[in-house]
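To start, the structure itself, in structure tokens.
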Amino acid sequence: MTIGIELTEAQAAIQEAIQKICAKYDDHYWLKTDETGKFPEEFVADIAAGGWLGVAMPERFGGAGLGLTEAALMMQTVAQSGAGFSGASAIHLNIFGLMPIVKFGTEEQQARFLPPAMDGTDKACFAVTEPNSGLDTSSLETKAERTNTGYRIRGRKIWTTNAQRANKILLIARTTPKDQVKRPTEGLSLFYADFDRSKIEANPIPKMGRKAVECNTLFIEDLEVSNAELIGEEGAGFKILLTGLNPERVLFAAEAIGLGRAALKRAAQYAKERVVFGRPIGQNQGIQHPLAKSWAELEAADLLAFKAAALYDAGKDCGAEANAAKYLGAEAGFRACEASVLAHGGMGYAKEYFVERYFREAMIARIAPVSREMILNFIAERVLGLPKSY
């Protein structure tokens, strides 16, 4: 199922259902979560109650069995409602983050792990990035040493979202030393384990935006993990992770576009109502043109994002499209938020007009989960056939 010129009846129903939930949570609600740092529990509970956390999960375990296209439409609708990344990030991992279990987990693991994730009982966090390795996952230092019953994990992670409330953790660790494998990407394994707070210390990172959905530095010391919590084959963790990268990029693109549209809507409304020198400021081309340009950029990025989703759902390679969509969506979303702040003038800097929160949150998609520069490196190498630069 793809998104064409118009939504299909089923897609329109998804969008309408999500809009109905989001309508209960206006900009004042999201402003309060941003100011207080309170996690949007009520919003997540409503999404879970509607069965939407399982939009892309297999039907045999209680999911809707839909594709990345529908998941992206759902997440874009959340962001576009004004929830932005405060809302989208609160449910992001549940939507596609556990796909490694769907694709590589055993039947027993799927039956045990997926239903509680879909109904919101289990709250997971994803621990990949480390202080010393950053985007170079092959150089991560967290180790999982074999024991009689499984593994003992020690190490550090950073920028782990939702670790303050998580009871499950999806993490990657080195099970075979780097100097004992043919390629640096070998010897890494993926685990889905209980978040044992006696073994994991999670410290929130003060940051620029999206205060309600915290990021953390993790200190993991002697975390005991059983063999039953290893996802896929030992040593194949990096390959398993790669299968989830393209969907994540598409979701980030869709969310950034949704946020940009929310900002653009507010800017256009303000430009119609704000009168200076006896005329609405929206009559001035200096206000019109940046907003019109943002609309065009958002629409173009949107087409590529859903093209990438359609390719993924069809089982085709979508690496270039997914990466480019994430790049274009993030840039277009950011520029739309910037244009909105500037269109509001001094009031764009005031919290009461909400767009300053949009602007701060728009930075997220430009940085995470991969930098703009690494995306351009990927396209240069894989699409244009240029020599690897790093």
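We label chains A, B, ... in the order they appear in the structure tokens, count residues from 1 in each chain, and number ligands from 1 in the order shown.
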
Can you check which parts of stretch 210-321 of chain A lie within 12 Å of stretch 28-45 of chain A? Per residue, the shortest pair of atoms and distance in Å to one decimal, counting only C-alpha atoms, sorted by chain and number, as a tab-separated table.
residue	atom	partner	partner_atom	distance
A:Arg210	CA	A:Asp34	CA	6.1
A:Lys211	CA	A:Gly37	CA	4.9
A:Ala212	CA	A:Gly37	CA	4.0
A:Val213	CA	A:Phe39	CA	6.1
A:Glu214	CA	A:Gly37	CA	8.0
A:Cys215	CA	A:Gly37	CA	11.5

All strand (DSSP E) positions in stretch 69-196 of chain A, as a count of residues only: 34

Quick one: residues within 9 Å of A:Ala320, only C-alpha atoms, excluding same-chain residues fewer than 3 positions away - as a ChimeraX atom specification? /A:246,308,317,323-325,375,378-379,382-383

Can I get the selection written as a short mmCIF file (atom, residue, chain, number, x, y, z; two decimals), in the first residue's frame, with C-alpha atoms?
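The resulting part-v4.cif:
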data_model
loop_
_atom_site.label_atom_id
_atom_site.label_comp_id
_atom_site.auth_asym_id
_atom_site.auth_seq_id
_atom_site.Cartn_x
_atom_site.Cartn_y
_atom_site.Cartn_z
CA ASN A 246 16.00 2.49 6.75
CA ALA A 308 11.07 5.11 0.43
CA ASP A 317 16.10 -1.73 -1.64
CA ASN A 323 18.59 8.34 3.71
CA ALA A 324 17.81 11.15 1.29
CA ALA A 325 14.29 11.47 2.71
CA ILE A 375 23.95 10.61 4.88
CA PHE A 378 26.37 7.26 1.98
CA ILE A 379 24.75 8.75 -1.12
CA ARG A 382 26.49 4.03 -2.77
CA VAL A 383 24.62 6.05 -5.39
#

Within 8 Å of stretch 293-305 of chain A, counting only C-alpha atoms, which residues show up once you throw out same-chain ones fewer than 3 positions away? Write them as a PyMOL selection string, please. chain A and resi 250+253-254+257+260-261+264+289-290+308-309+321-322+324-326+328-329+332-333+335-336+339

Can you tell me, as a VMD selection string, what residues are no more than 12 Å from A:Asn216 when counting only C-alpha atoms, ignoring any on the same chain fewer than 4 positions away? chain A and resid 125 to 131 156 to 166 200 to 207 211

Using only C-alpha atoms, which residue out of A:Arg60, A:Tyr25, A:Leu251, A:Ala343 lies closest to A:Asn284? A:Ala343

As a PyMOL selection string, list the residues of stretch 62-208 of chain A assigned to helix (DSSP H, G or I) by DSSP on the backbone atoms of this structure. chain A and resi 68-97+99-104+107-118+137-139+178-180

All residues 9 Å or closer to A:Pro369, only C-alpha atoms, same chain fewer than 4 positions away omitted, as JSON, numbers by chain: {"A": [135, 245, 248, 249, 252, 364, 365]}

Export of prior selection with C-alpha atoms as a compact mmCIF listing (two decimals), in the first residue's frame:
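Everything below was put into part_33.txt:
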# COMPACT_ATOMS: atom_id res chain seq x y z
CA LEU A 135 28.29 6.65 14.85
CA LEU A 245 18.01 1.66 9.88
CA GLU A 248 13.90 4.60 11.25
CA ARG A 249 15.15 7.15 8.73
CA PHE A 252 12.25 10.58 11.28
CA ILE A 364 16.56 16.63 16.59
CA ALA A 365 15.96 15.21 13.12

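Among the candidates A:Arg174, A:Lys351, A:Lys123, A:Arg152, the residue lying nearest to A:Leu98 is A:Lys123 (atoms considered: only C-alpha atoms).
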
All residues 12 Å or closer to A:Thr185, only C-alpha atoms, same chain fewer than 3 positions away omitted, as a list in words: Asp136, Thr137, Ser138, Ser139, Leu140, Ile172, Ala173, Arg174, Thr175, Thr176, Pro177, Lys178, Asp179, Gln180, Val181, Lys182, Leu188, Ser189, Gly235, Ala236, Gly237, Phe238, Lys239, Ile240, Leu241 and Leu242 of chain A

So, counting only C-alpha atoms, which residue among A:Asp196, A:Gly319, A:Tyr270, A:Tyr349 is closest to A:Glu381?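 Checking each candidate against A:Glu381, we get A:Gly319 as the closest.
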
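Shortest atom-to-atom contact with A:Leu73 among A:Pro115, A:Gly346, A:Gly286, A:Gly258: A:Gly258, counting only C-alpha atoms.
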
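Interatomic distance, atom CA of A:Ser371 against atom CA of A:Asn132: 16.3 Å.
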